[in-house]
Amino acid sequence: MATLTILLMSICLVDTLSQLEVMGSIPIYILGLYPMSGGWPGGQGILPATQLAFKHINEDRDLLTDYELVHIDKDTECDGGIGTDVMYKELYNMTTTKIIVFGCGCSGSTQPTAQASHLWNLVQLSYGAASPKLSDRSIFKRFFRTYPPESVFNLVKFAMMKEFGWKKVGTLNEAFDLFSLPTADFLDDASSNGIEVITAESFGDSPLNQVTNLKKHGVRLIVGNFYENKARQIFCQAYKEGLYGAKYVWIITGWYSYHWWRVNDTDHPHDCTIEQMDKVVDGYFGIDVLHLSRSTIPGVSGRTSAEFLEEYRAFVGGEPENLRGYDEASYGYDGAWTIALWLQEAERILKTWDPPRTIADFSYDDDEMGALLFSLMNQTNFEGVSGPVQFTETGDRKALSQVEQIQNGNEVVVGYYNPGQVGNELQWNPDASVYWPGGLPPVDAFIEQEVNYTINIALYYVIVVLAVFGIVLATGFLVFNIRFRNKRIVKMSSPNMNNLILAGGILSYLTMIFSGLDHGQVVHETHLAMCKLSTWTMSLGFSLLFGAMFSKTYRVHKIFTNKSMKRTKIKDYQLLIVVAIIAWFDVVILTLWEIIDPMDLVISTGTPVTNKQNDDIINIPIHVVCVSKWQTYWLGCILVKDALMLIFGAFLAWETRKVTVPALNDSKYIGICIYNVLVLSVIGVPISFILTDTSQQYAIKALFLFFATTVTLGFVFVPKIMARNEVHPQGQMLTATYMEEEKTPPAKHIASVSSNVVTKQVEKKRMAEMLQKIQELEATIEIKNNRIQQLENR
């Protein structure tokens with residue numbers, strides 16, 4: 001059957017040749033390879049354009065007057081194997097000699113044919129193959145194309161990114177040379193163009209995971225290179241991931257067919273509806289070559305691009321926009337005219353040879369004419385319906401590009417790129433503006449904005465006011481303690497220890513002020529000094545406040561738990577030594593800390609937070625903190641010391657809980673204070689670690705410190721203020737030892753009492769006797785004081 005077909009074709013060609021010779025025209029055969037089916041059946045729209053071109057050429061009696069161009073078109077099915085097979089069969093068909101191979105349209109079928117066609121001394125001219133690999137002259141020795149390679153679109157992409165200030169991008173390409181090679185060039189040139197590639201995703205079969213990865217990496221600007229069958233799957237997944245709309249930009253290949261996203265492709269299905277696909281593709285950019293020249297001056301064919309398009313529509317009939325390859329029709333048309341002008345020039349030069357020759361003399365083994373034809377194709381330069389037609393040294397078309405955008409389901413040309421206009425290559429179409437769903441060009445990625453977190457100045461002033469109030473309160477207590485130090489209720493509660501308690505409270509209040517002076521209010525050096533100073537005041541304040549309180553309680557404990565019935569003497573200086581030892585531990589630890597591992601200011605970043613006013617902005621909290629290498633261990637030493645002190649204080653409070661002399665015993669208040677400190681520490685410390693805001697951390701720490709200190713001072717001094725005018729506070733019980741220490745003369749004659757030795761009845765009796773004696777002594781002293789006063793008045 002195949003032999004019969006070839007035989008019939010040979011007979012038809014012989015008849016055609018005979019007819020042409022009779023008419024005086026010599027046939028010149030051109031082998032046209034078109035993808036009429038397969039992955040990209042672009043031949044459906046391109047073949048009619050080339051047929052129209054050869055019709056116009058043959059009708060032009062001023063062009064190749066002695067010849068008739070015979071166009072033999074074959075279907076490659078967009079397949080490399082089929083394309084090569086078709087070409088071989090035609091070249092081995094010795095009934096005709098082809099002078100050029102015109103095609104293929106798909107890069108996959110063009111590459112194997114272009115690798116072999118030069119072996120017949122043939123030039124191969126393509127109207128649509130865009131793979132950058134075809135620019136390799138060492139492999140494709142005599143290959144040219146009227147459609148530029150995909151890599152030239154990188155210039156347009158970089159120009160767009162510069163125009164809109166985009167600096168970050170993610171790429172997604174299909175694993176074919178047509179797409180992987182220009183993507184590789186894009187990645188290589190990105191850095192020199194000031195572009196950061198966030199992620200580069202490539203896929204072979206299913207692109208779904210790669211689309212998901214783009215979302216995970218936070219990509220906003222996506223540059224894609226893939227066939228339209230994969231594009232449908234990609235955009236369906238992009239719809240599911242939310243990678244569309246006002247915050248995202250897609251820049252992809254622009255040579256897809258009309259309404260490609262609405263095609264029902266059973267070989268590469270997806271589960272999105274047409275409405276969903278219409279929504280997700282809205283606003284994407286496509287980069288393509290300029291299909292039709294913008295010039296209103298007729299080109300070499302004698303027609304403007306508008307006139308060509310009108311004739312093309314009439315030649316095809318119906319709606320040519322629905323044909324695959326419709327947008328590339330102008331390249332097929334200009335390709336045919338390139339062949340005609342090329343042969344015309346070759347004919348002129350061949351006639352000057354000695355002996356003269358013609359293009360009809362070409363044969364596959366004619367190296368001399370083959371070299372001439374190759375060199376002449378390099379010199380091509382004319383104005384076509386697709387714009388200027390010129391070739392680079394690698395056979396690539398020097399073409400203009402256009403920027404298309406899908407707007408409400410329609411493909412709109414919004415810009416043009418002319419590499420010849422240096423400094424002004426990218427120009428926007430005044431008749432069709434760019435559409436932005438959000439009103440403005442979206443940002444290329446989340447904007448990371450460093451926010452210097454400092455303590456709010458208003459908050460600091462509030463805390464300072466509270467601290468000053470606390471200092472004034474403590475000072476008032478101090479004045480009261482000094483002014484009424486001889487009052488029984490004050491004198492019996494150890495005024496010297498009370499002064500230390502107040503000193504510790506004042507240091508704690510100062511800590512609130514010092515710890516709030518960060519780099520937002522003072523210079524870094526002062527900030528560091530305040531960090532260190534607040535550590536000292538906090539540690540010493542705690543030791544003085546609770547150390548003095550527990551020391552007083554220790555004296556009460558020793559007096560009332562004395563079982564030997566001997567006089568117990570614990571003087572103030574002894575208690576001062578105990579407090580000094582407690583404070584000494586702080587001094588030693590803090591001094592060693594400063595010498596061995598001094599604090600320094602360190603800049604740390606917190607957890608990124610989305611800006612409330614603009615969700616495109618991510619705030620990166622910047623904290624300047626005072627830290628040292630072994631800070632945890634130093635603080636641990638101080639906390640262990642304080643914890644042991646609290647535990648001992650709780651023990652003393654428990655042991656003296658039954659002592660009923662308010663002037664001496666603060667045990668119940670100590671228990672409340674310890675509970676207060678522990679609760680606030682358990683709550684405040686974790687909260688301060690959880691909170692990332694510097695102001696919130698400072699507020700929690702300062703308020704808890706203020707509350708703990710104020711409550712402690714209140715429990716110690718407010719009862720004394722309230723009872724300062726009482727002569728015999730209710731439940732009073734004294735020991736001779738304690739009264740002796742306070743220099744009260746009547747106390748020298750009172751025996752020590754121990755509740756653990758005598759029975760309750762004896763104890764009550766003794767207490768009554770002691771109280772009676774005290775009252776008698778006080779009455780005697782009062783009488784003597786009155787007499788002395790009378791004598792002084794005289």
# chains A, B, ... in the order shown; residues from 1 in each chain; ligands from 1
$ residues_around --residues "Ser151 (chain A)" --least-positions-apart "2" --cutoff "10 Å" --atoms "only C-alpha atoms" --output "ChimeraX atom specification"
/A:130-133,148-149,153-156,178-186
$ residues_around --residues "region 419-428 of chain A" --least-positions-apart "2" --cutoff "12 Å" --atoms "only C-alpha atoms" --output "VMD selection string"
chain A and resid 152 to 164 289 388 398 to 405 412 to 417 430 to 434
$ residues_around --residues "Trp630 (chain A)" --least-positions-apart "2" --cutoff "12 Å" --atoms "only C-alpha atoms" --output "compact mmCIF listing (two decimals) with N, CA and C atoms, in the first residue's frame"
# COMPACT_ATOMS: atom_id res chain seq x y z
N LEU A 592 31.60 38.38 90.94
CA LEU A 592 32.20 37.34 90.10
C LEU A 592 31.57 37.34 88.71
N TRP A 593 30.28 37.52 88.66
CA TRP A 593 29.58 37.59 87.36
C TRP A 593 30.14 38.70 86.50
N GLU A 594 30.34 39.87 87.10
CA GLU A 594 30.84 41.01 86.34
C GLU A 594 32.29 40.80 85.89
N ILE A 596 34.01 37.68 85.61
CA ILE A 596 34.23 36.49 84.78
C ILE A 596 33.40 36.51 83.50
N ASP A 597 32.14 36.90 83.64
CA ASP A 597 31.22 36.78 82.50
C ASP A 597 30.33 38.03 82.42
N PRO A 598 30.92 39.17 82.08
CA PRO A 598 30.14 40.42 82.12
C PRO A 598 29.02 40.43 81.06
N MET A 599 27.96 41.13 81.39
CA MET A 599 26.84 41.27 80.45
C MET A 599 27.25 42.14 79.27
N ASP A 600 26.54 41.91 78.16
CA ASP A 600 26.73 42.74 76.98
C ASP A 600 25.39 42.85 76.26
N VAL A 627 22.67 40.20 77.97
CA VAL A 627 22.92 38.79 78.24
C VAL A 627 24.40 38.55 78.42
N SER A 628 24.70 37.43 79.04
CA SER A 628 26.08 36.96 79.12
C SER A 628 26.07 35.46 78.82
N THR A 632 22.42 32.16 82.76
CA THR A 632 21.47 31.26 83.42
C THR A 632 22.02 30.72 84.73
N TYR A 633 23.30 30.40 84.73
CA TYR A 633 23.91 29.83 85.93
C TYR A 633 24.06 30.88 87.03
N TRP A 634 24.42 32.10 86.65
CA TRP A 634 24.56 33.16 87.65
C TRP A 634 23.21 33.47 88.29
N LEU A 635 22.19 33.60 87.44
CA LEU A 635 20.85 33.85 87.97
C LEU A 635 20.37 32.67 88.82
N GLY A 636 20.76 31.46 88.39
CA GLY A 636 20.38 30.28 89.16
C GLY A 636 20.94 30.30 90.57
N CYS A 637 22.19 30.75 90.70
CA CYS A 637 22.81 30.84 92.04
C CYS A 637 22.04 31.82 92.93
$ atom_distance --atom1 "CA of Gln697 (chain A)" --atom2 "CA of Asp616 (chain A)"
27.1 Å
$ residues_around --residues "region 570-587 of chain A" --least-positions-apart "5" --cutoff "8 Å" --atoms "only C-alpha atoms" --output "list in words"
Ser494, Asn496, Met497, Ser539, Leu540, Ser543, Leu544, Gly547, Ala548, Ser551, Lys552, Arg555, Ile638 and Glu741 of chain A
$ residues_around --residues "region 36-53 of chain A" --least-positions-apart "3" --cutoff "7 Å" --atoms "only C-alpha atoms" --output "PyMOL selection string"
chain A and resi 56-57+75+77-78+105+312+316+323-326+328-330+332-333+336-337
$ residues_around --residues "Gln276 (chain A)" --least-positions-apart "3" --cutoff "10 Å" --atoms "only C-alpha atoms" --output "list in words"
Phe235, Cys236, Tyr239, Lys240, Asp271, Cys272, Thr273, Lys279, Val280 and Val281 of chain A
$ closest_residue --among "A:Phe382, A:Tyr67, A:Tyr88, A:Tyr258" --to "Pro27 (chain A)" --atoms "only C-alpha atoms"
A:Tyr67
$ select_by_dssp --residues "region 14-203 of chain A" --states "alpha helix (DSSP H)" --output "NGL selection string"
:A and (14-23 or 43-59 or 80-91 or 107-117 or 153-164 or 177-190)
$ select_by_dssp --residues "region 264-469 of chain A" --states "strand (DSSP E)" --output "PyMOL selection string"
chain A and resi 285-289+381-384+387-390+401-407+410-417+426-428+447-452
$ write_last_selection --atoms "N, CA and C atoms" --output "mmCIF file, in the first residue's frame"
data_model
loop_
_atom_site.group_PDB
_atom_site.id
_atom_site.type_symbol
_atom_site.label_atom_id
_atom_site.label_comp_id
_atom_site.auth_asym_id
_atom_site.auth_seq_id
_atom_site.Cartn_x
_atom_site.Cartn_y
_atom_site.Cartn_z
ATOM 1 N N PHE A 285 0.206 37.039 32.992
ATOM 2 C CA PHE A 285 0.925 37.613 31.860
ATOM 3 C C PHE A 285 1.498 36.493 30.998
ATOM 4 N N GLY A 286 1.419 36.682 29.695
ATOM 5 C CA GLY A 286 2.051 35.768 28.756
ATOM 6 C C GLY A 286 3.067 36.533 27.924
ATOM 7 N N ILE A 287 4.247 35.974 27.766
ATOM 8 C CA ILE A 287 5.302 36.610 26.967
ATOM 9 C C ILE A 287 5.399 35.865 25.650
ATOM 10 N N ASP A 288 5.257 36.570 24.589
ATOM 11 C CA ASP A 288 5.290 35.954 23.263
ATOM 12 C C ASP A 288 5.965 36.917 22.305
ATOM 13 N N VAL A 289 6.322 36.388 21.159
ATOM 14 C CA VAL A 289 6.856 37.267 20.123
ATOM 15 C C VAL A 289 5.729 38.118 19.568
ATOM 16 N N ASN A 381 17.245 39.991 5.429
ATOM 17 C CA ASN A 381 16.848 41.229 6.093
ATOM 18 C C ASN A 381 15.716 41.871 5.303
ATOM 19 N N PHE A 382 14.503 41.770 5.826
ATOM 20 C CA PHE A 382 13.361 42.411 5.165
ATOM 21 C C PHE A 382 12.261 42.652 6.202
ATOM 22 N N GLU A 383 11.272 43.432 5.792
ATOM 23 C CA GLU A 383 10.149 43.743 6.662
ATOM 24 C C GLU A 383 8.995 42.818 6.331
ATOM 25 N N GLY A 384 8.618 42.011 7.302
ATOM 26 C CA GLY A 384 7.523 41.076 7.104
ATOM 27 C C GLY A 384 6.280 41.500 7.857
ATOM 28 N N GLY A 387 7.003 41.742 11.452
ATOM 29 C CA GLY A 387 8.045 42.672 11.833
ATOM 30 C C GLY A 387 9.322 42.410 11.053
ATOM 31 N N PRO A 388 10.418 43.037 11.437
ATOM 32 C CA PRO A 388 11.683 42.835 10.737
ATOM 33 C C PRO A 388 12.143 41.377 10.836
ATOM 34 N N VAL A 389 12.627 40.846 9.706
ATOM 35 C CA VAL A 389 13.104 39.468 9.678
ATOM 36 C C VAL A 389 14.607 39.493 9.488
ATOM 37 N N GLN A 390 15.313 39.127 10.561
ATOM 38 C CA GLN A 390 16.767 39.027 10.537
ATOM 39 C C GLN A 390 17.167 37.847 11.401
ATOM 40 N N SER A 401 9.053 41.403 20.921
ATOM 41 C CA SER A 401 8.221 40.598 21.813
ATOM 42 C C SER A 401 7.042 41.433 22.291
ATOM 43 N N GLN A 402 6.036 40.736 22.780
ATOM 44 C CA GLN A 402 4.876 41.435 23.309
ATOM 45 C C GLN A 402 4.475 40.815 24.639
ATOM 46 N N VAL A 403 3.882 41.651 25.463
ATOM 47 C CA VAL A 403 3.386 41.224 26.768
ATOM 48 C C VAL A 403 1.867 41.168 26.691
ATOM 49 N N GLU A 404 1.329 39.991 26.948
ATOM 50 C CA GLU A 404 -0.116 39.801 26.904
ATOM 51 C C GLU A 404 -0.626 39.592 28.330
ATOM 52 N N GLN A 405 -1.880 39.914 28.530
ATOM 53 C CA GLN A 405 -2.503 39.674 29.822
ATOM 54 C C GLN A 405 -3.947 39.221 29.610
ATOM 55 N N ILE A 406 -4.342 38.240 30.419
ATOM 56 C CA ILE A 406 -5.723 37.777 30.366
ATOM 57 C C ILE A 406 -6.570 38.729 31.205
ATOM 58 N N GLN A 407 -7.505 39.393 30.532
ATOM 59 C CA GLN A 407 -8.401 40.331 31.193
ATOM 60 C C GLN A 407 -9.838 39.957 30.858
ATOM 61 N N ASN A 410 -10.180 37.479 28.064
ATOM 62 C CA ASN A 410 -9.646 37.857 26.759
ATOM 63 C C ASN A 410 -8.154 38.120 26.846
ATOM 64 N N GLU A 411 -7.455 37.764 25.762
ATOM 65 C CA GLU A 411 -6.013 37.981 25.698
ATOM 66 C C GLU A 411 -5.766 39.377 25.140
ATOM 67 N N VAL A 412 -5.197 40.248 25.985
ATOM 68 C CA VAL A 412 -4.995 41.647 25.623
ATOM 69 C C VAL A 412 -3.499 41.943 25.599
ATOM 70 N N VAL A 413 -3.029 42.543 24.503
ATOM 71 C CA VAL A 413 -1.624 42.950 24.404
ATOM 72 C C VAL A 413 -1.462 44.269 25.158
ATOM 73 N N VAL A 414 -0.673 44.230 26.232
ATOM 74 C CA VAL A 414 -0.523 45.420 27.080
ATOM 75 C C VAL A 414 0.849 46.064 26.954
ATOM 76 N N GLY A 415 1.793 45.404 26.295
ATOM 77 C CA GLY A 415 3.125 45.976 26.183
ATOM 78 C C GLY A 415 3.937 45.352 25.069
ATOM 79 N N TYR A 416 5.044 46.043 24.720
ATOM 80 C CA TYR A 416 5.926 45.577 23.658
ATOM 81 C C TYR A 416 7.366 45.691 24.130
ATOM 82 N N TYR A 417 8.189 44.805 23.602
ATOM 83 C CA TYR A 417 9.608 44.830 23.957
ATOM 84 C C TYR A 417 10.440 44.827 22.684
ATOM 85 N N LEU A 426 11.144 48.270 26.966
ATOM 86 C CA LEU A 426 9.777 47.884 27.311
ATOM 87 C C LEU A 426 8.866 49.105 27.236
ATOM 88 N N GLN A 427 7.851 49.011 26.386
ATOM 89 C CA GLN A 427 6.889 50.091 26.229
ATOM 90 C C GLN A 427 5.489 49.531 26.429
ATOM 91 N N TRP A 428 4.661 50.292 27.143
ATOM 92 C CA TRP A 428 3.310 49.839 27.429
ATOM 93 C C TRP A 428 2.340 50.349 26.381
ATOM 94 N N ILE A 447 7.004 41.304 52.662
ATOM 95 C CA ILE A 447 8.028 42.289 52.996
ATOM 96 C C ILE A 447 8.420 42.114 54.458
ATOM 97 N N GLU A 448 9.645 41.739 54.672
ATOM 98 C CA GLU A 448 10.136 41.576 56.041
ATOM 99 C C GLU A 448 10.657 42.913 56.547
ATOM 100 N N GLN A 449 9.990 43.414 57.545
ATOM 101 C CA GLN A 449 10.299 44.731 58.081
ATOM 102 C C GLN A 449 10.768 44.599 59.525
ATOM 103 N N GLU A 450 11.979 45.032 59.767
ATOM 104 C CA GLU A 450 12.520 44.963 61.122
ATOM 105 C C GLU A 450 11.883 46.041 61.990
ATOM 106 N N VAL A 451 11.340 45.613 63.109
ATOM 107 C CA VAL A 451 10.710 46.536 64.047
ATOM 108 C C VAL A 451 11.516 46.529 65.339
ATOM 109 N N ASN A 452 12.081 47.664 65.660
ATOM 110 C CA ASN A 452 12.911 47.782 66.856
ATOM 111 C C ASN A 452 11.994 47.882 68.075
#
$ closest_residue --among "A:Leu517, A:Glu174, A:Pro298, A:Trp654" --to "Phe550 (chain A)" --atoms "only C-alpha atoms"
A:Trp654
$ closest_residue --among "A:Leu713, A:Gly283, A:Ala340, A:Phe542" --to "Asn498 (chain A)" --atoms "only C-alpha atoms"
A:Leu713
$ atom_distance --atom1 "CA of Ile471 (chain A)" --atom2 "CA of Gly504 (chain A)"
10.6 Å
$ atom_distance --atom1 "CA of Asn614 (chain A)" --atom2 "CA of Val223 (chain A)"
24.9 Å
